[in-house]
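Dumped query.cif below, it's mmCIF, C-alpha atoms:
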data_entry
#
loop_
_atom_site.group_PDB
_atom_site.id
_atom_site.type_symbol
_atom_site.label_atom_id
_atom_site.label_comp_id
_atom_site.auth_asym_id
_atom_site.auth_seq_id
_atom_site.Cartn_x
_atom_site.Cartn_y
_atom_site.Cartn_z
ATOM 1 C CA MET O 1 112.986 123.920 73.141
ATOM 2 C CA LYS O 2 116.041 125.487 71.504
ATOM 3 C CA SER O 3 114.011 128.592 70.619
ATOM 4 C CA LEU O 4 112.696 128.872 74.187
ATOM 5 C CA MET O 5 116.226 128.684 75.606
ATOM 6 C CA LYS O 6 117.431 131.286 73.108
ATOM 7 C CA ASN O 7 114.574 133.647 74.035
ATOM 8 C CA LEU O 8 115.096 133.035 77.740
ATOM 9 C CA SER O 9 118.804 133.810 77.347
ATOM 10 C CA ALA O 10 117.987 137.056 75.519
ATOM 11 C CA LEU O 11 115.527 138.053 78.262
ATOM 12 C CA ILE O 12 118.053 137.324 81.031
ATOM 13 C CA ALA O 13 120.736 139.293 79.183
ATOM 14 C CA SER O 14 118.353 142.251 78.748
ATOM 15 C CA ILE O 15 117.411 142.246 82.428
ATOM 16 C CA THR O 16 121.093 142.067 83.402
ATOM 17 C CA VAL O 17 121.976 145.025 81.158
ATOM 18 C CA PHE O 18 118.941 146.969 82.427
ATOM 19 C CA THR O 19 119.970 146.370 86.041
ATOM 20 C CA ALA O 20 123.565 147.382 85.349
ATOM 21 C CA ILE O 21 122.469 150.564 83.559
ATOM 22 C CA ASN O 22 120.074 151.460 86.374
ATOM 23 C CA THR O 23 122.834 150.941 88.941
ATOM 24 C CA HIS O 24 125.262 153.055 86.924
ATOM 25 C CA ALA O 25 122.608 155.601 85.935
ATOM 26 C CA GLU O 26 121.898 156.480 89.570
ATOM 27 C CA VAL O 27 125.154 158.454 89.537
ATOM 28 C CA TYR O 28 123.685 160.617 86.784
ATOM 29 C CA LYS O 29 120.279 160.946 88.503
ATOM 30 C CA ALA O 30 118.587 158.839 85.851
ATOM 31 C CA LYS O 31 114.914 158.071 86.301
ATOM 32 C CA PRO O 32 114.256 154.327 85.833
ATOM 33 C CA TYR O 33 110.739 153.276 84.848
ATOM 34 C CA VAL O 34 108.482 150.341 84.049
ATOM 35 C CA GLY O 35 105.225 150.286 82.171
ATOM 36 C CA GLY O 36 102.731 148.337 80.164
ATOM 37 C CA ASN O 37 101.013 148.967 76.862
ATOM 38 C CA VAL O 38 98.288 147.440 74.729
ATOM 39 C CA SER O 39 98.753 147.657 70.957
ATOM 40 C CA GLY O 40 96.470 147.227 68.000
ATOM 41 C CA LEU O 41 99.088 145.979 65.542
ATOM 42 C CA ASP O 42 98.516 145.575 61.830
ATOM 43 C CA LEU O 43 100.368 142.720 60.148
ATOM 44 C CA SER O 44 100.751 143.016 56.377
ATOM 45 C CA VAL O 45 102.304 140.216 54.355
ATOM 46 C CA THR O 46 102.907 140.728 50.644
ATOM 47 C CA GLU O 47 101.517 137.314 49.632
ATOM 48 C CA ALA O 48 98.456 137.546 51.901
ATOM 49 C CA PRO O 49 95.137 138.768 50.495
ATOM 50 C CA ASP O 50 94.229 140.728 53.656
ATOM 51 C CA ASP O 51 95.987 142.606 56.426
ATOM 52 C CA LEU O 52 95.657 141.107 59.873
ATOM 53 C CA SER O 53 94.831 142.841 63.155
ATOM 54 C CA LEU O 54 96.701 141.488 66.159
ATOM 55 C CA LEU O 55 95.920 142.770 69.630
ATOM 56 C CA SER O 56 99.076 142.579 71.744
ATOM 57 C CA GLY O 57 100.465 143.655 75.071
ATOM 58 C CA TYR O 58 103.965 144.370 76.208
ATOM 59 C CA ALA O 59 105.981 145.330 79.256
ATOM 60 C CA ARG O 60 108.552 148.094 79.010
ATOM 61 C CA PHE O 61 111.610 148.716 81.142
ATOM 62 C CA GLY O 62 113.807 151.764 80.797
ATOM 63 C CA ALA O 63 115.710 154.682 82.202
ATOM 64 C CA GLN O 64 115.369 158.357 81.332
ATOM 65 C CA PHE O 65 118.867 159.855 81.593
ATOM 66 C CA ASP O 66 117.923 163.520 81.297
ATOM 67 C CA ASP O 67 115.125 165.622 79.801
ATOM 68 C CA TYR O 68 115.997 164.408 76.303
ATOM 69 C CA TRP O 69 117.163 160.748 76.202
ATOM 70 C CA SER O 70 115.887 157.388 77.391
ATOM 71 C CA LEU O 71 116.895 153.797 76.781
ATOM 72 C CA GLU O 72 114.143 151.180 76.832
ATOM 73 C CA TRP O 73 113.543 147.431 76.452
ATOM 74 C CA ARG O 74 110.202 145.865 75.573
ATOM 75 C CA ILE O 75 108.897 142.317 75.632
ATOM 76 C CA GLY O 76 105.395 141.313 74.668
ATOM 77 C CA THR O 77 103.034 138.785 73.202
ATOM 78 C CA GLY O 78 99.828 138.596 71.245
ATOM 79 C CA LEU O 79 96.562 138.804 73.155
ATOM 80 C CA GLN O 80 94.267 137.973 70.236
ATOM 81 C CA ASP O 81 94.849 136.068 66.985
ATOM 82 C CA ASP O 82 93.480 136.811 63.542
ATOM 83 C CA GLU O 83 92.529 134.583 60.630
ATOM 84 C CA ILE O 84 93.949 134.638 57.139
ATOM 85 C CA ARG O 85 92.163 133.230 54.099
ATOM 86 C CA GLY O 86 94.142 131.167 51.611
ATOM 87 C CA GLU O 87 93.658 128.849 48.677
ATOM 88 C CA ASP O 88 93.849 125.810 50.966
ATOM 89 C CA GLY O 89 91.461 127.218 53.583
ATOM 90 C CA ASN O 90 91.795 129.488 56.582
ATOM 91 C CA ALA O 91 94.633 129.672 59.078
ATOM 92 C CA ASP O 92 95.007 131.348 62.470
ATOM 93 C CA VAL O 93 97.939 133.745 62.817
ATOM 94 C CA SER O 94 99.259 134.665 66.251
ATOM 95 C CA LEU O 95 102.032 136.882 67.527
ATOM 96 C CA ASP O 96 103.846 134.581 69.957
ATOM 97 C CA LEU O 97 106.601 136.909 71.122
ATOM 98 C CA PHE O 98 108.164 140.232 70.286
ATOM 99 C CA TYR O 99 110.938 142.135 71.959
ATOM 100 C CA GLY O 100 113.400 144.903 71.300
ATOM 101 C CA ALA O 101 115.609 147.712 72.547
ATOM 102 C CA TYR O 102 115.016 151.373 71.723
ATOM 103 C CA VAL O 103 116.502 154.823 72.178
ATOM 104 C CA LEU O 104 113.908 157.538 72.821
ATOM 105 C CA GLY O 105 114.674 161.193 72.193
ATOM 106 C CA GLY O 106 112.275 163.954 73.129
ATOM 107 C CA ALA O 107 111.789 167.253 74.883
ATOM 108 C CA PRO O 108 109.163 168.409 77.373
ATOM 109 C CA ILE O 109 106.913 171.020 75.770
ATOM 110 C CA THR O 110 105.082 171.703 79.037
ATOM 111 C CA GLU O 111 105.531 170.452 82.570
ATOM 112 C CA HIS O 112 103.220 167.480 81.846
ATOM 113 C CA ILE O 113 103.552 166.769 78.091
ATOM 114 C CA TYR O 114 106.586 164.978 76.678
ATOM 115 C CA PRO O 115 106.600 164.119 72.943
ATOM 116 C CA TYR O 116 109.355 161.827 71.674
ATOM 117 C CA VAL O 117 110.634 159.782 68.758
ATOM 118 C CA ALA O 118 111.882 156.228 69.140
ATOM 119 C CA MET O 119 114.358 154.157 67.176
ATOM 120 C CA GLY O 120 115.658 150.682 67.851
ATOM 121 C CA TYR O 121 115.639 147.034 66.923
ATOM 122 C CA SER O 122 112.735 144.578 67.162
ATOM 123 C CA LYS O 123 112.265 140.857 66.692
ATOM 124 C CA ALA O 124 108.882 139.151 66.286
ATOM 125 C CA GLU O 125 107.864 135.495 66.239
ATOM 126 C CA PHE O 126 104.600 134.447 64.612
ATOM 127 C CA GLU O 127 102.760 131.132 64.469
ATOM 128 C CA ILE O 128 100.466 130.100 61.635
ATOM 129 C CA ASN O 129 98.045 127.231 62.342
ATOM 130 C CA ALA O 130 95.972 125.645 59.601
ATOM 131 C CA SER O 131 93.833 122.528 59.936
ATOM 132 C CA ASP O 132 96.512 120.269 58.454
ATOM 133 C CA ARG O 133 99.781 121.987 59.441
ATOM 134 C CA SER O 134 101.433 124.735 61.424
ATOM 135 C CA ALA O 135 104.524 126.869 60.942
ATOM 136 C CA GLU O 136 106.585 129.397 62.844
ATOM 137 C CA TYR O 137 107.947 132.538 61.268
ATOM 138 C CA LYS O 138 110.500 135.002 62.674
ATOM 139 C CA GLU O 139 111.393 138.461 61.460
ATOM 140 C CA ASN O 140 113.489 141.358 62.776
ATOM 141 C CA ASP O 141 114.208 144.889 61.664
ATOM 142 C CA ILE O 142 115.105 148.430 62.619
ATOM 143 C CA SER O 143 112.093 150.057 64.311
ATOM 144 C CA PHE O 144 110.969 153.650 64.595
ATOM 145 C CA GLY O 145 108.005 155.650 65.799
ATOM 146 C CA ALA O 146 106.722 158.614 67.751
ATOM 147 C CA GLY O 147 104.737 159.075 70.917
ATOM 148 C CA VAL O 148 103.790 161.340 73.754
ATOM 149 C CA ASN O 149 103.769 160.890 77.525
ATOM 150 C CA PHE O 150 101.227 162.767 79.632
ATOM 151 C CA ASP O 151 102.443 163.053 83.225
ATOM 152 C CA VAL O 152 99.627 162.546 85.692
ATOM 153 C CA SER O 153 101.983 162.892 88.698
ATOM 154 C CA ASP O 154 105.717 162.807 89.415
ATOM 155 C CA LYS O 155 105.607 159.000 89.377
ATOM 156 C CA PHE O 156 102.915 158.136 86.823
ATOM 157 C CA ALA O 157 102.282 158.936 83.139
ATOM 158 C CA ILE O 158 99.947 157.702 80.429
ATOM 159 C CA ASN O 159 101.362 157.072 76.991
ATOM 160 C CA LEU O 160 100.214 157.129 73.351
ATOM 161 C CA GLU O 161 102.506 155.935 70.577
ATOM 162 C CA TYR O 162 102.708 154.712 66.998
ATOM 163 C CA MET O 163 105.545 152.346 66.058
ATOM 164 C CA GLN O 164 106.654 150.554 62.937
ATOM 165 C CA TYR O 165 108.351 147.522 64.418
ATOM 166 C CA ILE O 166 109.134 145.577 61.249
ATOM 167 C CA LYS O 167 109.132 146.294 57.530
ATOM 168 C CA GLU O 168 111.321 143.616 56.007
ATOM 169 C CA ASN O 169 110.988 140.747 53.492
ATOM 170 C CA GLY O 170 107.401 141.625 52.596
ATOM 171 C CA VAL O 171 106.284 141.715 56.245
ATOM 172 C CA GLU O 172 105.154 144.897 57.999
ATOM 173 C CA LEU O 173 104.188 145.034 61.679
ATOM 174 C CA SER O 174 103.059 148.433 62.951
ATOM 175 C CA GLY O 175 100.334 150.157 64.880
ATOM 176 C CA PRO O 176 99.150 152.434 67.667
ATOM 177 C CA THR O 177 99.539 151.717 71.356
ATOM 178 C CA ALA O 178 98.331 153.118 74.669
ATOM 179 C CA GLY O 179 99.539 152.429 78.166
ATOM 180 C CA PHE O 180 101.152 153.705 81.327
ATOM 181 C CA ILE O 181 104.591 154.369 82.792
ATOM 182 C CA TYR O 182 105.611 154.278 86.446
ATOM 183 C CA TYR O 183 108.817 156.160 87.389
ATOM 184 C CA PHE O 184 110.899 155.067 90.374
#
I need this file expressed as structure tokens, please.
Amino acid sequence: MKSLMKNLSALIASITVFTAINTHAEVYKAKPYVGGNVSGLDLSVTEAPDDLSLLSGYARFGAQFDDYWSLEWRIGTGLQDDEIRGEDGNADVSLDLFYGAYVLGGAPITEHIYPYVAMGYSKAEFEINASDRSAEYKENDISFGAGVNFDVSDKFAINLEYMQYIKENGVELSGPTAGFIYYF
């Protein structure tokens, strides 16, 4: 329950900051946006014999301040678990929650193609369930990646990206993603 309250507080704080930035950004003609992505994340753990594949989805909220800079928040969850083999049997591993804040810097190379790099901070919460026990594991780290937006119209873009969310304490969470963005 304590973890849920902590996560809920972080979400409320992020939404409050996002709303305040959007209100203030209107003076600068910022372009707020929302979107959704599906990711095929790879989870590597030093002690594990195999890498895991975790299908996940996340919502993104942000504002593009000019042609070069955006600020974005993401919150997501796992959509599909994977199984890890161990000495004591198999265990299911799931991505319960991940979230973060990122600065995106890019430049339009044509009217409809916008490549960018992203850097920020991410936190992920995993759950491991074996037949006789379960455990939760949390990790956070500086994140970075690169992507490209393809504008379909003035209000809608599709997105491809590769991010390394976490590489800390023998845990690496990274992978490609595809999704959409809707500009207000």
Between CA of Tyr137 (chain O) and CA of Asp50 (chain O) lies a distance of 17.7 Å
If we count only C-alpha atoms and set the cut-off at 7 Å, which residues sit around Ala146 (chain O), ignoring sequence neighbours fewer than 6 positions away in its own chain? Please answer as a ChimeraX atom specification. /O:116-118,161-163
Selection: 10 Å around Glu136 (chain O), only C-alpha atoms, excl. self and same-chain fewer than 4 positions, as number ranges by chain
O: 93-96, 125-129
Carefully work through the PyMOL selection byres ((chain O and resi 31) around 7) for this structure and note down the residues it includes, as a list in words.
Lys29, Ala30, Pro32, Tyr33, Ala63, Gln64, Phe65, Tyr183 and Phe184 of chain O
- [ ] Convert the output of the PyMOL selection byres ((chain O and resi 152) around 12) on the shown file into explicit residues, formatted as JSON, numbers by chain.
- [x] {"O": [111, 112, 113, 114, 149, 150, 151, 153, 154, 155, 156, 157, 158, 159, 180, 181, 182, 183]}
One residue among O:Phe61, O:Lys123, O:Val148, O:Glu87 is nearest to Tyr165 (chain O) when using only C-alpha atoms, and that residue is O:Lys123
Taking all atoms listed in the file into account, name the residue in O:Ala91, O:Leu97, O:Leu54, O:Val45 that is nearest to Glu168 (chain O).
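Once distances to Glu168 (chain O) are computed over all atoms listed in the file, the minimum belongs to O:Val45.
Separating CA of Leu55 (chain O) from CA of Val103 (chain O) is a distance of 24.0 Å.
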| Do you have the CA of Phe144 (chain O)-CA of Pro176 (chain O) distance handy? |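 Between CA of Phe144 (chain O) and CA of Pro176 (chain O) the gap works out to 12.3 Å.
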